[in-house]
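Asks: Pasting a structure below so you can have a look.
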Amino acid sequence: MKEKILESLKKVFYPGKTHSVVKEGIINDIEFKDGKALIKIKTKEQNQAVIDVFKKSIPLAAKSVEGVNDVEIEIEKVVEKKEKVSNIKYVIATTSGKGGVGKSTVSVNLALTLAKLGFKVGLLDADIYGPNIPVMMGIEGIPVQIDKEHKDKILPTEKYGIKIISIGNMIPKDAAIIWRGPLINQAIKQFLDDVTWGDLDFLIVDLPPGTGDAQITLAQETKVSGGIIVITPQNVALSDAMKANDFFKKLKIPVLGVIENMSYFICPKCGERTHIFSHGGGKKFATENSLPFLGEIPIDVAIREGGDTGNAIVVANPTSAVSKAFEDAARNIVEKVKILNG
Ligand SMILES: Nc1ncnc2c1ncn2[C@@H]1O[C@H](COP(=O)(O)OP(=O)(O)OP(=O)(O)O)[C@@H](O)[C@H]1O
Ligand SMILES: [Mg+2]
């Protein structure tokens, strides 16, 4: 009898849709005894008018089955819980007008330093064409996992207490994928919406060089609390930084300030400071553009080695002068982001 009743309900259209109430999956159970049917409905439907239609059309259809004299329906409304999988306080993006100035290096070491200072930190590699974060964080070849609790979400990879997402952990290494603008937008949108970041104080976004799709998508898809412009001291790099600054302005991203990378060299033998690429360019740029100067990071072979081997210097050598420089910069960033965003 239950089957016959169910069959009859397959002719009842779900209001406003082109399929039946059965296909919609709202018929939870059917009981039948002594000519009386009890149809149990479980629905997320919030519209009372639609519920009223169920109340009429479902008993009517069931009564058309021979032997069914009476029909009662029981409706259980389930409230869909939209669980928030991410709660991010501050999104911070590092950028530069020019490639190779050390954005990824700075992003990684700042993220790790912020974690060391006790913050909950995520690191999003927005460089879709040339993701460097997996190598720098030593998570190359570890594929991302699906979040079992939230089946349509992605779990970030954890290392040294920070949560990391990169396209590099999603596609086979060296896969010849030609990414176009819309795909970049999609990927970055997914990184923001479909990753279970959990509660974060800071999400550091490592942007690709220049002024392209990744920057635009990020600004469109989320509120960026602040941008950091990474520059090297040479004059050519400074003119590129100008472009990055203008672009942030156009995207209405507040600029937290400037970090000068490869600022000076400390001789490992005598400890003397040498300004290989002139000096003071970063500070001058910051002053001229009314931006805070967040810090200067020396040039050090250990930084490069740390990046190449997935042993970031601030973790590998936490007491080094370089780690101290990153800590100063991180503290300045925390201060500025709070001033700008409360
Ligand atoms: N302060 C530093 N001292 C020594 N080497 C450094 C320093 N900063 C960065 N490097 C090295 O310079 C190279 C480029 O750095 P990185 O990849 O971080 O730059 P990027 O701006 O992110 O580059 P891209 O524009 O390609 O994304 C890397 O090999 C890195 O290890
Ligand atoms: Mg990079």
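Here, A, B, ... name the chains of the structure tokens in the order displayed, residue numbers run from 1 inside each chain, and ligands are numbered from 1 in the same displayed order.
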For Leu110 of chain A, find every residue with an atom within 8 Å (counting only C-alpha atoms), except residues of its own chain fewer than 6 positions away, and show them as a PyMOL selection string.

Replies: chain A and resi 326-327+329-330

Asks: Please check which protein, DNA or RNA residues sit within 8 Å of ligand 1, counting only C-alpha atoms and all ligand atoms, and write them as a PDB file with N, CA and C atoms, in the first residue's frame.

Replies:
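Here's the written file part_23.pdb:
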```pdb
ATOM      1  N   THR A  95      51.769  42.790  -2.419  1.00  0.00           N
ATOM      2  CA  THR A  95      51.880  42.982  -3.860  1.00  0.00           C
ATOM      3  C   THR A  95      53.152  43.760  -4.181  1.00  0.00           C
ATOM      4  N   SER A  96      53.426  43.844  -5.485  1.00  0.00           N
ATOM      5  CA  SER A  96      54.528  44.681  -5.964  1.00  0.00           C
ATOM      6  C   SER A  96      54.220  44.938  -7.424  1.00  0.00           C
ATOM      7  N   LYS A  98      56.422  44.814  -9.647  1.00  0.00           N
ATOM      8  CA  LYS A  98      57.394  44.052 -10.409  1.00  0.00           C
ATOM      9  C   LYS A  98      57.549  42.641  -9.839  1.00  0.00           C
ATOM     10  N   GLY A  99      57.932  41.707 -10.674  1.00  0.00           N
ATOM     11  CA  GLY A  99      58.131  40.331 -10.220  1.00  0.00           C
ATOM     12  C   GLY A  99      59.469  40.160  -9.511  1.00  0.00           C
ATOM     13  N   GLY A 100      59.549  39.133  -8.714  1.00  0.00           N
ATOM     14  CA  GLY A 100      60.830  38.719  -8.138  1.00  0.00           C
ATOM     15  C   GLY A 100      61.395  39.586  -7.029  1.00  0.00           C
ATOM     16  N   VAL A 101      60.586  40.482  -6.478  1.00  0.00           N
ATOM     17  CA  VAL A 101      61.127  41.350  -5.414  1.00  0.00           C
ATOM     18  C   VAL A 101      61.051  40.696  -4.030  1.00  0.00           C
ATOM     19  N   GLY A 102      60.358  39.555  -3.961  1.00  0.00           N
ATOM     20  CA  GLY A 102      60.296  38.830  -2.685  1.00  0.00           C
ATOM     21  C   GLY A 102      58.929  38.836  -2.021  1.00  0.00           C
ATOM     22  N   LYS A 103      57.866  39.044  -2.808  1.00  0.00           N
ATOM     23  CA  LYS A 103      56.512  39.034  -2.219  1.00  0.00           C
ATOM     24  C   LYS A 103      56.214  37.729  -1.505  1.00  0.00           C
ATOM     25  N   SER A 104      56.493  36.609  -2.208  1.00  0.00           N
ATOM     26  CA  SER A 104      56.151  35.306  -1.623  1.00  0.00           C
ATOM     27  C   SER A 104      56.998  35.045  -0.378  1.00  0.00           C
ATOM     28  N   THR A 105      58.270  35.399  -0.462  1.00  0.00           N
ATOM     29  CA  THR A 105      59.161  35.235   0.690  1.00  0.00           C
ATOM     30  C   THR A 105      58.643  36.035   1.874  1.00  0.00           C
ATOM     31  N   VAL A 106      58.265  37.276   1.602  1.00  0.00           N
ATOM     32  CA  VAL A 106      57.750  38.137   2.671  1.00  0.00           C
ATOM     33  C   VAL A 106      56.422  37.586   3.198  1.00  0.00           C
ATOM     34  N   SER A 107      55.544  37.135   2.292  1.00  0.00           N
ATOM     35  CA  SER A 107      54.232  36.607   2.721  1.00  0.00           C
ATOM     36  C   SER A 107      54.415  35.422   3.668  1.00  0.00           C
ATOM     37  N   ASP A 127      48.763  33.300  -6.543  1.00  0.00           N
ATOM     38  CA  ASP A 127      49.520  33.213  -7.792  1.00  0.00           C
ATOM     39  C   ASP A 127      49.137  31.913  -8.484  1.00  0.00           C
ATOM     40  N   GLY A 130      51.991  30.832 -11.284  1.00  0.00           N
ATOM     41  CA  GLY A 130      53.294  30.379 -10.774  1.00  0.00           C
ATOM     42  C   GLY A 130      53.284  30.256  -9.271  1.00  0.00           C
ATOM     43  N   PRO A 131      52.534  29.274  -8.740  1.00  0.00           N
ATOM     44  CA  PRO A 131      52.438  29.171  -7.279  1.00  0.00           C
ATOM     45  C   PRO A 131      53.765  28.751  -6.645  1.00  0.00           C
ATOM     46  N   ASN A 132      54.293  29.574  -5.755  1.00  0.00           N
ATOM     47  CA  ASN A 132      55.575  29.271  -5.097  1.00  0.00           C
ATOM     48  C   ASN A 132      55.401  28.838  -3.649  1.00  0.00           C
ATOM     49  N   ASP A 206      49.143  36.074  -0.927  1.00  0.00           N
ATOM     50  CA  ASP A 206      50.337  36.326  -1.749  1.00  0.00           C
ATOM     51  C   ASP A 206      49.886  36.517  -3.191  1.00  0.00           C
ATOM     52  N   LEU A 207      49.955  37.744  -3.653  1.00  0.00           N
ATOM     53  CA  LEU A 207      49.478  38.044  -5.010  1.00  0.00           C
ATOM     54  C   LEU A 207      50.582  37.848  -6.040  1.00  0.00           C
ATOM     55  N   PRO A 208      50.189  37.562  -7.279  1.00  0.00           N
ATOM     56  CA  PRO A 208      51.201  37.520  -8.334  1.00  0.00           C
ATOM     57  C   PRO A 208      51.676  38.946  -8.630  1.00  0.00           C
ATOM     58  N   PRO A 209      52.793  39.098  -9.353  1.00  0.00           N
ATOM     59  CA  PRO A 209      53.272  40.456  -9.626  1.00  0.00           C
ATOM     60  C   PRO A 209      52.307  41.213 -10.531  1.00  0.00           C
ATOM     61  N   VAL A 230      55.662  45.470  -1.456  1.00  0.00           N
ATOM     62  CA  VAL A 230      57.033  44.993  -1.263  1.00  0.00           C
ATOM     63  C   VAL A 230      57.888  45.596  -2.371  1.00  0.00           C
ATOM     64  N   ASN A 261      62.565  45.002   0.802  1.00  0.00           N
ATOM     65  CA  ASN A 261      63.222  43.691   0.871  1.00  0.00           C
ATOM     66  C   ASN A 261      64.579  43.767   0.178  1.00  0.00           C
ATOM     67  N   MET A 262      65.475  42.905   0.568  1.00  0.00           N
ATOM     68  CA  MET A 262      66.859  42.882   0.057  1.00  0.00           C
ATOM     69  C   MET A 262      67.474  44.262   0.296  1.00  0.00           C
ATOM     70  N   SER A 263      67.178  44.744   1.478  1.00  0.00           N
ATOM     71  CA  SER A 263      67.479  46.125   1.826  1.00  0.00           C
ATOM     72  C   SER A 263      68.975  46.369   2.007  1.00  0.00           C
ATOM     73  N   ILE A 297      64.045  44.276   5.256  1.00  0.00           N
ATOM     74  CA  ILE A 297      64.513  42.903   5.402  1.00  0.00           C
ATOM     75  C   ILE A 297      65.854  42.788   4.681  1.00  0.00           C
ATOM     76  N   PRO A 298      66.889  42.330   5.373  1.00  0.00           N
ATOM     77  CA  PRO A 298      68.199  42.230   4.702  1.00  0.00           C
ATOM     78  C   PRO A 298      68.224  41.167   3.605  1.00  0.00           C
ATOM     79  N   ILE A 299      69.232  41.270   2.776  1.00  0.00           N
ATOM     80  CA  ILE A 299      69.461  40.202   1.796  1.00  0.00           C
ATOM     81  C   ILE A 299      70.342  39.169   2.501  1.00  0.00           C
ATOM     82  N   ASP A 300      69.922  37.926   2.424  1.00  0.00           N
ATOM     83  CA  ASP A 300      70.638  36.888   3.177  1.00  0.00           C
ATOM     84  C   ASP A 300      70.447  35.562   2.457  1.00  0.00           C
ATOM     85  N   VAL A 301      71.533  34.890   2.228  1.00  0.00           N
ATOM     86  CA  VAL A 301      71.457  33.630   1.490  1.00  0.00           C
ATOM     87  C   VAL A 301      70.549  32.619   2.220  1.00  0.00           C
ATOM     88  N   ALA A 302      70.473  32.734   3.534  1.00  0.00           N
ATOM     89  CA  ALA A 302      69.635  31.812   4.317  1.00  0.00           C
ATOM     90  C   ALA A 302      68.153  32.009   3.994  1.00  0.00           C
ATOM     91  N   ILE A 303      67.789  33.218   3.574  1.00  0.00           N
ATOM     92  CA  ILE A 303      66.379  33.468   3.201  1.00  0.00           C
ATOM     93  C   ILE A 303      66.059  32.679   1.929  1.00  0.00           C
ATOM     94  N   ARG A 304      66.984  32.779   0.959  1.00  0.00           N
ATOM     95  CA  ARG A 304      66.773  32.069  -0.298  1.00  0.00           C
ATOM     96  C   ARG A 304      66.775  30.561  -0.067  1.00  0.00           C
ATOM     97  N   GLU A 305      67.740  30.090   0.698  1.00  0.00           N
ATOM     98  CA  GLU A 305      67.819  28.646   0.974  1.00  0.00           C
ATOM     99  C   GLU A 305      66.564  28.155   1.689  1.00  0.00           C
ATOM    100  N   GLY A 306      66.109  28.938   2.649  1.00  0.00           N
ATOM    101  CA  GLY A 306      64.897  28.586   3.393  1.00  0.00           C
ATOM    102  C   GLY A 306      63.703  28.466   2.465  1.00  0.00           C
ATOM    103  N   GLY A 307      63.633  29.395   1.507  1.00  0.00           N
ATOM    104  CA  GLY A 307      62.526  29.374   0.546  1.00  0.00           C
ATOM    105  C   GLY A 307      62.586  28.167  -0.368  1.00  0.00           C
ATOM    106  N   ASP A 308      63.796  27.826  -0.778  1.00  0.00           N
ATOM    107  CA  ASP A 308      63.965  26.703  -1.723  1.00  0.00           C
ATOM    108  C   ASP A 308      63.704  25.349  -1.080  1.00  0.00           C
TER     109      ASP A 308
END
```

Asks: Mind checking which residues fall within 10 Å of Glu66 of chain A, counting only C-alpha atoms, ignoring those fewer than 3 positions away in the same chain, and posting them as JSON, numbers by chain?

Replies: {"A": [1, 4, 5, 35, 62, 63, 69]}

Asks: Give me, please, the distance in Å between atom CA of Thr217 of chain A and atom CA of Glu140 of chain A, quoted to one decimal.

Replies: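 These two atoms are separated by 25.3 Å.
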
Asks: If DSSP is run on the backbone, what residues of segment 89-202 of chain A are alpha helix (DSSP H)? A reply as a VMD selection string would be ideal.

Replies: chain A and resid 103 to 116 133 to 136 181 to 193

Asks: Excluding His279 of chain A and residues on its chain fewer than 6 positions from it, collect all residues at most 12 Å away from it, counting only C-alpha atoms, and give them as a list in words.

Replies: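 Selected residues are Thr232, Pro233, Gln234, Asn235, Leu238, Glu260, Asn261, Met262, Ser263, Tyr264, Phe265, Arg273, Phe285, Glu296 and Pro298 of chain A.
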
Asks: Atom CA of Thr43 of chain A to atom CA of Glu74 of chain A: how many Å, to one decimal?

Replies: 10.8 Å

Asks: Name the residues in contact with Lys55 of chain A at a cut-off of 10 Å, using only C-alpha atoms, excluding same-chain residues fewer than 3 positions from it; report them as an NGL selection string.

Replies: :A and (49-52 or 58-60 or 72-75)

Asks: Keeping only N, CA and C atoms, take the residues you just selected and write them out as a CSV table (one decimal), in the first residue's frame.

Replies:
```csv
chain,number,residue,atom,x,y,z
A,49,ALA,N,2.6,29.6,1.8
A,49,ALA,CA,1.7,29.3,0.7
A,49,ALA,C,2.0,28.0,0.0
A,50,VAL,N,3.3,27.7,-0.1
A,50,VAL,CA,3.7,26.4,-0.7
A,50,VAL,C,3.3,25.2,0.2
A,51,ILE,N,3.5,25.4,1.5
A,51,ILE,CA,3.1,24.4,2.5
A,51,ILE,C,1.6,24.2,2.4
A,52,ASP,N,0.8,25.3,2.3
A,52,ASP,CA,-0.6,25.1,2.2
A,52,ASP,C,-1.0,24.3,1.0
A,58,ILE,N,-1.5,16.9,-1.5
A,58,ILE,CA,-0.9,15.5,-1.2
A,58,ILE,C,-2.1,14.6,-0.7
A,59,PRO,N,-2.9,15.0,0.3
A,59,PRO,CA,-4.0,14.2,0.7
A,59,PRO,C,-5.0,13.8,-0.5
A,60,LEU,N,-5.2,14.8,-1.4
A,60,LEU,CA,-6.0,14.6,-2.5
A,60,LEU,C,-5.5,13.4,-3.4
A,72,GLU,N,-3.8,11.8,6.7
A,72,GLU,CA,-3.3,12.8,7.6
A,72,GLU,C,-1.9,13.2,7.1
A,73,ILE,N,-1.6,14.4,7.1
A,73,ILE,CA,-0.2,14.7,6.8
A,73,ILE,C,0.5,15.5,8.0
A,74,GLU,N,1.7,15.1,8.2
A,74,GLU,CA,2.5,15.7,9.3
A,74,GLU,C,3.7,16.4,8.6
A,75,ILE,N,3.8,17.7,8.9
A,75,ILE,CA,4.9,18.4,8.3
A,75,ILE,C,6.0,18.9,9.3
```

Asks: Under the rule that only C-alpha atoms are counted, which of A:Phe293, A:Phe277, A:Tyr14, A:Phe54 is the nearest residue to Val258 of chain A?

Replies: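 Among the listed residues, A:Phe293 lies closest to Val258 of chain A.
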